[in-house]
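Asks: Mind looking over this structure? Questions follow.
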Amino acid sequence: MESRNLWTTYSEEQLKELQQVNESYKVYLDNGKTERECILEAVKMAKEVGYRDLNDVIAKGETLKKGDRVYAVCMDKTIAMFQIGEEPLENGMNILGAHVDSPRIDVKQNPLYEAGELAYLDTHYYGGVKKYQWVTIPLAIHGVVAKKDGSVVEIVIGEDEKDPVLCITDLLIHLAYEQLEAKASKVIEGEKLDLLIGNMPLDGEEKEAVKANVLKLLKEKYDIEEEDFVSAELEIVPAGKARDCGLDRSMVIAYGQDDRVCAFTSLLAMLEAKDLKKTACCLLVDKEEIGSVGATGMQSRFFENVVAELLLAMGVDSNIKVRRALANSKMLSSDVSAAYDPMFESVFEKKNTAYFGHGMVFNKYTGRGGKSGSNDANAEYIAYLRRIFERENVNFQTAELGRVDIGGGGTIAYILANYGMDVIDSGVAVLCMHAPWEVTSKADVYEAYRGYKAFLIGE
Ligand code: MN
Ligand code: MN
């Protein structure tokens with residue numbers, strides 16, 4: 001199958017819509033630089049178009065009917081949204097799934113220290129990062145500090161123009177003869193990723209006066225003590241907003257596009273869907289980058305439990321119907337794909353590679369080596385998707401993650417497939433995946449949105 005560059009195929013009207021989708025996308029990226037912020041923003045957007053908390057519906061004893069829109073959130077880090085369709089739930093749902101956690105650097109539980117009259121936060125990176133990419137760039141801190149009294153302090157430092165930013169230092173080139181001989185994985189080691197946060201001593205303080213001054217500032221501004229770091233989740237991310245990239249403004253450069261590009265386009269398609277035959281579901285989950293583990297990762301029972309609650313709220317109390325609803329579902333497990341990069345062409349096999357501007361990407365399988373760890377989508381399911389996409393004029397391409405045996409990766413696809421449903425990996429091609437700043441094509445963002453809309457309409 002031949003895919004093509006889509007830019008010159010769009011009408012004026014389509015180009016206008018493409019720009020609108022990408023403008024909203026950049027706003028979503030700026031408002032959501034952590035999984036919590038992404039979920040908060042999704043809830044806000046959902047409420048604006050009539051979504052209600054499933055727990056409230058249950059508490060009021062209401063019965064859900066066709067067209068109703070509900071959501072359930074797990075620990076502010078994962079959301080499942082539903083729009084009730086015409087057919088019974090046991091016939092299956094059309095599910096859009098993506099993850100909202102991104103590679104980053106987390107602050108340790110006992111982080112604050114002083115060395116050489118500089119104050120630092122000790123850190124532990126999250127997800128797959130090339131550590132050398134995170135030094136000498138402006139960084140921001142986003143997160144929460146949960147205090148013993150039950151209150152939660154929200155923190156964002158480094159995004160407002162007037163805010164200070166933080167940074168991780170690197171060795172000057174003049175003294176780096178030894179460092180430059182090291183393997184790229186050793187150039188900057190994990191314990192060297194500590195965040196520089198201050199240099200001004202507290203007047204009158206004898207010992208660790210710089211650290212003392214930082215603590216004084218934290219107390220004044222946020223009313224937190226040093227020991228409150230123990231119950232905090234503070235994430236260090238690149239400071240700054242999503243921006244247009246390229247003289248032709250054809251691309252978006254931003255932090256966290258893996259996988260917020262799929263999360264946002266799935267969310268947008270979900271919010272706009274109406275009059276559906278099958279119940280639509282949009283799942284935005286946490287912890288994909290570290291194996292989908294924990295209560296808020298895709299492996300959690302959260303989703304299965306919510307489907308049972310949803311059925312109950314529709315007046316159906318039946319375990320077998322929960323199982324049927326899951327088994328009969330179809331899913332687009334959406335995650336980013338590697339975009340062809342001519343600078344590194346040797347890792348790609350050109351016939352089975354995703355190209356910028358060629359539309360949404362389908363990966364029949366991911367995995368590594370002999371497809372190890374991958375969900376291998378069923379041929380009949382792919383034929384179904386071809387039918388739907390052709391009907392709705394959605395442009396797509398198929399790809400593998402690089403040449404055979406050169407690397408690999410996983411997604412949440414195999415976890416949903418455990419229910420016996422049809423699942424395929426799909427998504428958007430990205431350049432410099434997992435780097436502090438990742439690049440996507442606006443045409444691909446647009447086609448993903450269109451593809452998800454077509455998928456929710458179904459056959
Ligand atoms: Mn991903
Ligand atoms: Mn990733």
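If you're wondering about the labels, chains in the structure tokens are A, B, ... by order shown, residues count from 1 in each chain, ligands from 1 in order shown.
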Just want the 7 Å neighbourhood of A:Arg243, counted on only C-alpha atoms, with same-chain residues fewer than 5 positions away dropped. Output as a list in words.
Replies: Val252, Ile253 and Ala254 of chain A
Asks: Would you pick out the contacts of A:Ile457 at 10 Å or less, using only C-alpha atoms, so that residues sharing its chain but fewer than 2 positions from it are not included, and give the list as number ranges by chain?
Replies: A: 94, 273-280, 388, 392, 452-455, 459
Asks: At most 10 Å is the cut-off: for each residue in chain A with any atom that close to an atom of ligand 2, write down the nearest atom pair and the distance in Å rounded to one decimal, counting only C-alpha atoms and all ligand atoms, chain first then increasing number, as JSON lines.
Replies:
```
{"residue": "A:His99", "atom": "CA", "partner": "ligand 2", "partner_atom_place_in_ligand_line": "1 (Mn)", "distance": 8.9}
{"residue": "A:Val100", "atom": "CA", "partner": "ligand 2", "partner_atom_place_in_ligand_line": "1 (Mn)", "distance": 9.9}
{"residue": "A:Asp101", "atom": "CA", "partner": "ligand 2", "partner_atom_place_in_ligand_line": "1 (Mn)", "distance": 8.6}
{"residue": "A:Ser102", "atom": "CA", "partner": "ligand 2", "partner_atom_place_in_ligand_line": "1 (Mn)", "distance": 6.7}
{"residue": "A:Pro103", "atom": "CA", "partner": "ligand 2", "partner_atom_place_in_ligand_line": "1 (Mn)", "distance": 7.0}
{"residue": "A:Gly127", "atom": "CA", "partner": "ligand 2", "partner_atom_place_in_ligand_line": "1 (Mn)", "distance": 7.4}
{"residue": "A:Gly128", "atom": "CA", "partner": "ligand 2", "partner_atom_place_in_ligand_line": "1 (Mn)", "distance": 7.2}
{"residue": "A:Val129", "atom": "CA", "partner": "ligand 2", "partner_atom_place_in_ligand_line": "1 (Mn)", "distance": 9.4}
{"residue": "A:Gly256", "atom": "CA", "partner": "ligand 2", "partner_atom_place_in_ligand_line": "1 (Mn)", "distance": 9.1}
{"residue": "A:Gln257", "atom": "CA", "partner": "ligand 2", "partner_atom_place_in_ligand_line": "1 (Mn)", "distance": 9.2}
{"residue": "A:Asp258", "atom": "CA", "partner": "ligand 2", "partner_atom_place_in_ligand_line": "1 (Mn)", "distance": 5.5}
{"residue": "A:Asp259", "atom": "CA", "partner": "ligand 2", "partner_atom_place_in_ligand_line": "1 (Mn)", "distance": 6.8}
{"residue": "A:Glu288", "atom": "CA", "partner": "ligand 2", "partner_atom_place_in_ligand_line": "1 (Mn)", "distance": 7.4}
{"residue": "A:Glu289", "atom": "CA", "partner": "ligand 2", "partner_atom_place_in_ligand_line": "1 (Mn)", "distance": 5.4}
{"residue": "A:Ile290", "atom": "CA", "partner": "ligand 2", "partner_atom_place_in_ligand_line": "1 (Mn)", "distance": 8.9}
{"residue": "A:Asp335", "atom": "CA", "partner": "ligand 2", "partner_atom_place_in_ligand_line": "1 (Mn)", "distance": 7.7}
{"residue": "A:Val336", "atom": "CA", "partner": "ligand 2", "partner_atom_place_in_ligand_line": "1 (Mn)", "distance": 7.3}
{"residue": "A:Ser337", "atom": "CA", "partner": "ligand 2", "partner_atom_place_in_ligand_line": "1 (Mn)", "distance": 9.1}
{"residue": "A:Gly409", "atom": "CA", "partner": "ligand 2", "partner_atom_place_in_ligand_line": "1 (Mn)", "distance": 8.1}
{"residue": "A:Gly410", "atom": "CA", "partner": "ligand 2", "partner_atom_place_in_ligand_line": "1 (Mn)", "distance": 8.3}
{"residue": "A:Thr411", "atom": "CA", "partner": "ligand 2", "partner_atom_place_in_ligand_line": "1 (Mn)", "distance": 8.1}
{"residue": "A:Met433", "atom": "CA", "partner": "ligand 2", "partner_atom_place_in_ligand_line": "1 (Mn)", "distance": 7.1}
{"residue": "A:His434", "atom": "CA", "partner": "ligand 2", "partner_atom_place_in_ligand_line": "1 (Mn)", "distance": 6.2}
{"residue": "A:Ala435", "atom": "CA", "partner": "ligand 2", "partner_atom_place_in_ligand_line": "1 (Mn)", "distance": 10.0}
```
Asks: Expressed in Å to a single decimal, how great is the separation between atom CA of A:Lys351 and atom CA of A:Leu18?
Replies: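 The value is 26.9 Å.
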Asks: Check the smallest atom-to-atom distance from each of A:Val261, A:Leu175, A:Leu310, A:Leu196 to ligand 1 using only C-alpha atoms and all ligand atoms, then report the winner.
Replies: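 Smallest distance to ligand 1 is found for A:Val261.
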Asks: Measuring atom to atom with only C-alpha atoms, identify which of A:Tyr384, A:Tyr414, A:Phe302, A:Phe348 is nearest to A:Tyr365.
Replies: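 The answer is A:Tyr414, which sits nearest to A:Tyr365.
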Asks: As a ChimeraX atom specification, list the residues of stretch 365-398 of chain A assigned to helix (DSSP H, G or I) by DSSP on the backbone atoms of this structure.
Replies: /A:379-391
Asks: Neighbouring residues of stretch 146-158 of chain A were defined as those with any atom within 9 Å, considering only C-alpha atoms; residues of the same chain fewer than 6 positions away were excluded. Please report them as a count of residues only.
Replies: 19
Asks: Name the residues in contact with A:Ala115 at a cut-off of 12 Å, using only C-alpha atoms, excluding same-chain residues fewer than 3 positions from it; report them as an NGL selection string.
Replies: :A and (112 or 118-122 or 194-199 or 207-211)
Asks: What are the DSSP strand (DSSP E) residues of stretch 131-361 of chain A, as a PyMOL selection string?
Replies: chain A and resi 139-146+152-157+195-198+232-238+243-245+251-254+279-285+330-334+337-338+360-361
Asks: Using only C-alpha atoms, please write the residues we just selected to a file, as a short mmCIF file (atom, residue, chain, number, x, y, z; two decimals), in the first residue's frame.
Replies:
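As written to disk, again.cif reads:
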```cif
data_model
loop_
_atom_site.label_atom_id
_atom_site.label_comp_id
_atom_site.auth_asym_id
_atom_site.auth_seq_id
_atom_site.Cartn_x
_atom_site.Cartn_y
_atom_site.Cartn_z
CA LEU A 139 13.10 23.12 33.37
CA ALA A 140 9.83 23.53 35.26
CA ILE A 141 8.39 21.72 38.30
CA HIS A 142 4.79 20.53 38.21
CA GLY A 143 3.03 18.49 40.84
CA VAL A 144 1.39 18.20 44.19
CA VAL A 145 2.44 18.19 47.81
CA ALA A 146 -0.04 16.24 49.96
CA VAL A 152 -3.01 19.16 48.72
CA VAL A 153 -0.82 22.01 47.47
CA GLU A 154 -0.58 22.29 43.69
CA ILE A 155 2.73 23.50 42.37
CA VAL A 156 3.74 24.85 38.97
CA ILE A 157 7.05 26.72 38.80
CA LEU A 195 18.08 19.90 39.84
CA LEU A 196 19.85 23.16 40.68
CA ILE A 197 17.40 25.34 42.61
CA GLY A 198 19.34 28.02 44.51
CA ALA A 232 4.75 14.86 47.25
CA GLU A 233 4.69 14.02 43.56
CA LEU A 234 6.83 16.63 41.84
CA GLU A 235 7.70 16.17 38.19
CA ILE A 236 10.45 18.02 36.37
CA VAL A 237 9.57 18.79 32.77
CA PRO A 238 10.94 21.11 30.08
CA ARG A 243 5.09 25.91 19.40
CA ASP A 244 4.78 25.75 15.64
CA CYS A 245 7.84 24.21 14.03
CA MET A 251 4.77 20.83 12.55
CA VAL A 252 4.34 21.10 16.31
CA ILE A 253 7.28 20.99 18.71
CA ALA A 254 6.40 20.33 22.36
CA THR A 279 -21.33 2.82 23.19
CA ALA A 280 -18.16 4.86 22.79
CA CYS A 281 -15.38 4.84 25.36
CA CYS A 282 -12.26 6.96 25.69
CA LEU A 283 -9.56 5.76 28.08
CA LEU A 284 -6.70 8.04 29.05
CA VAL A 285 -4.33 6.14 31.31
CA LYS A 330 -13.14 -3.02 19.41
CA MET A 331 -10.23 -0.84 20.36
CA LEU A 332 -7.78 1.59 18.84
CA SER A 333 -4.86 1.51 21.24
CA SER A 334 -3.23 4.74 20.31
CA SER A 337 5.07 5.74 16.21
CA ALA A 338 8.61 6.46 15.06
CA MET A 360 -2.56 8.22 11.02
CA VAL A 361 -0.33 5.19 11.59
#
```
Asks: State, in Å with one decimal place, the distance from atom CA of A:Glu90 to atom CA of A:Arg323.
Replies: 7.8 Å
Asks: To one decimal in Å, tell me the separation between atom CA of A:Val445 and atom CA of A:Glu17.
Replies: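 Spanning atom CA of A:Val445 to atom CA of A:Glu17 is a straight-line distance of 11.3 Å.
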Asks: Nearest to ligand 1: which of A:Lys321, A:Lys16, A:Lys287, A:Lys350 is it, counting only C-alpha atoms and all ligand atoms?
Replies: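 Smallest distance to ligand 1 is found for A:Lys287.
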Asks: What's the 7 Å shell around A:Ser329, counting only C-alpha atoms, without same-chain residues fewer than 5 positions away, as a compact mmCIF listing (two decimals) with N, CA, C and O atoms, in the first residue's frame?
Replies:
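The resulting selection19.txt:
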```txt
# COMPACT_ATOMS: atom_id res chain seq x y z
N GLY A 92 -20.74 -4.83 22.85
CA GLY A 92 -19.38 -4.31 22.76
C GLY A 92 -19.36 -2.81 22.58
O GLY A 92 -20.33 -2.18 22.20
N MET A 93 -18.19 -2.23 22.89
CA MET A 93 -17.99 -0.79 22.77
C MET A 93 -16.95 -0.51 21.69
O MET A 93 -16.20 -1.40 21.30
N ASN A 94 -16.91 0.73 21.24
CA ASN A 94 -15.78 1.20 20.43
C ASN A 94 -14.91 2.02 21.37
O ASN A 94 -15.32 3.06 21.87
N MET A 421 -10.95 -8.91 23.05
CA MET A 421 -11.48 -7.94 22.09
C MET A 421 -10.48 -7.71 20.95
O MET A 421 -9.30 -8.08 21.05
N ASP A 422 -10.96 -7.12 19.86
CA ASP A 422 -10.10 -6.73 18.75
C ASP A 422 -9.36 -5.45 19.12
O ASP A 422 -10.00 -4.45 19.48
```
Asks: Taking into account only C-alpha atoms, which residue in the set A:Leu268, A:Cys262, A:Ala383, A:Ala184 is nearest to A:Ser426?
Replies: A:Cys262
Asks: Smallest atom-to-atom distance to A:Glu272: which of A:Asn352, A:Gln83, A:Thr9, A:Thr63, using only C-alpha atoms?
Replies: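 Once distances to A:Glu272 are computed over only C-alpha atoms, the minimum belongs to A:Gln83.
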Asks: At a cut-off of 8 Å, using only C-alpha atoms, what residues contact A:Arg69? Leave out same-chain residues fewer than 6 positions from it and give the result as a PDB file with all heavy atoms, in the first residue's frame.
Replies:
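New file around-v8.pdb:
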```pdb
ATOM      1  N   GLY A  50     -21.368  18.268  28.712  1.00  0.00           N
ATOM      2  CA  GLY A  50     -22.438  17.497  29.352  1.00  0.00           C
ATOM      3  C   GLY A  50     -22.064  16.184  29.984  1.00  0.00           C
ATOM      4  O   GLY A  50     -22.945  15.405  30.355  1.00  0.00           O
ATOM      5  N   TYR A  51     -20.773  15.895  30.116  1.00  0.00           N
ATOM      6  CA  TYR A  51     -20.386  14.663  30.816  1.00  0.00           C
ATOM      7  C   TYR A  51     -20.612  14.820  32.315  1.00  0.00           C
ATOM      8  O   TYR A  51     -20.390  15.898  32.873  1.00  0.00           O
ATOM      9  CB  TYR A  51     -18.903  14.346  30.571  1.00  0.00           C
ATOM     10  CG  TYR A  51     -18.664  13.575  29.298  1.00  0.00           C
ATOM     11  CD1 TYR A  51     -18.578  14.235  28.075  1.00  0.00           C
ATOM     12  CD2 TYR A  51     -18.557  12.195  29.316  1.00  0.00           C
ATOM     13  CE1 TYR A  51     -18.375  13.533  26.894  1.00  0.00           C
ATOM     14  CE2 TYR A  51     -18.344  11.485  28.144  1.00  0.00           C
ATOM     15  CZ  TYR A  51     -18.254  12.160  26.939  1.00  0.00           C
ATOM     16  OH  TYR A  51     -18.049  11.455  25.779  1.00  0.00           O
ATOM     17  N   ARG A  52     -21.052  13.728  32.959  1.00  0.00           N
ATOM     18  CA  ARG A  52     -21.239  13.732  34.410  1.00  0.00           C
ATOM     19  C   ARG A  52     -20.421  12.615  35.045  1.00  0.00           C
ATOM     20  O   ARG A  52     -20.145  11.589  34.408  1.00  0.00           O
ATOM     21  CB  ARG A  52     -22.723  13.520  34.744  1.00  0.00           C
ATOM     22  CG  ARG A  52     -23.587  14.738  34.383  1.00  0.00           C
ATOM     23  CD  ARG A  52     -25.033  14.483  34.712  1.00  0.00           C
ATOM     24  NE  ARG A  52     -25.544  13.314  34.014  1.00  0.00           N
ATOM     25  CZ  ARG A  52     -26.559  12.561  34.441  1.00  0.00           C
ATOM     26  NH1 ARG A  52     -27.154  12.853  35.589  1.00  0.00           N
ATOM     27  NH2 ARG A  52     -26.976  11.535  33.750  1.00  0.00           N
ATOM     28  N   MET A  81     -14.131   7.538  29.878  1.00  0.00           N
ATOM     29  CA  MET A  81     -15.315   8.311  29.488  1.00  0.00           C
ATOM     30  C   MET A  81     -16.206   7.432  28.612  1.00  0.00           C
ATOM     31  O   MET A  81     -15.704   6.642  27.823  1.00  0.00           O
ATOM     32  CB  MET A  81     -14.894   9.539  28.681  1.00  0.00           C
ATOM     33  CG  MET A  81     -13.963  10.463  29.417  1.00  0.00           C
ATOM     34  SD  MET A  81     -13.106  11.581  28.289  1.00  0.00           S
ATOM     35  CE  MET A  81     -14.499  12.468  27.603  1.00  0.00           C
ATOM     36  N   PHE A  82     -17.514   7.611  28.760  1.00  0.00           N
ATOM     37  CA  PHE A  82     -18.450   6.806  27.967  1.00  0.00           C
ATOM     38  C   PHE A  82     -19.562   7.671  27.388  1.00  0.00           C
ATOM     39  O   PHE A  82     -20.045   8.575  28.062  1.00  0.00           O
ATOM     40  CB  PHE A  82     -19.113   5.730  28.846  1.00  0.00           C
ATOM     41  CG  PHE A  82     -18.142   4.787  29.489  1.00  0.00           C
ATOM     42  CD1 PHE A  82     -17.607   5.088  30.742  1.00  0.00           C
ATOM     43  CD2 PHE A  82     -17.767   3.606  28.860  1.00  0.00           C
ATOM     44  CE1 PHE A  82     -16.707   4.223  31.354  1.00  0.00           C
ATOM     45  CE2 PHE A  82     -16.859   2.741  29.473  1.00  0.00           C
ATOM     46  CZ  PHE A  82     -16.330   3.045  30.718  1.00  0.00           C
ATOM     47  N   GLN A  83     -19.944   7.356  26.164  1.00  0.00           N
ATOM     48  CA  GLN A  83     -21.192   7.894  25.627  1.00  0.00           C
ATOM     49  C   GLN A  83     -22.052   6.704  25.247  1.00  0.00           C
ATOM     50  O   GLN A  83     -21.645   5.867  24.419  1.00  0.00           O
ATOM     51  CB  GLN A  83     -20.932   8.783  24.401  1.00  0.00           C
ATOM     52  CG  GLN A  83     -22.228   9.424  23.940  1.00  0.00           C
ATOM     53  CD  GLN A  83     -22.078  10.276  22.691  1.00  0.00           C
ATOM     54  OE1 GLN A  83     -22.961  10.328  21.871  1.00  0.00           O
ATOM     55  NE2 GLN A  83     -20.944  10.935  22.546  1.00  0.00           N
ATOM     56  N   ILE A  84     -23.227   6.623  25.874  1.00  0.00           N
ATOM     57  CA  ILE A  84     -24.072   5.440  25.693  1.00  0.00           C
ATOM     58  C   ILE A  84     -24.656   5.405  24.278  1.00  0.00           C
ATOM     59  O   ILE A  84     -25.190   6.395  23.786  1.00  0.00           O
ATOM     60  CB  ILE A  84     -25.241   5.426  26.721  1.00  0.00           C
ATOM     61  CG1 ILE A  84     -24.714   5.660  28.139  1.00  0.00           C
ATOM     62  CG2 ILE A  84     -26.026   4.118  26.632  1.00  0.00           C
ATOM     63  CD1 ILE A  84     -23.744   4.632  28.656  1.00  0.00           C
TER      64      ILE A  84
END
```
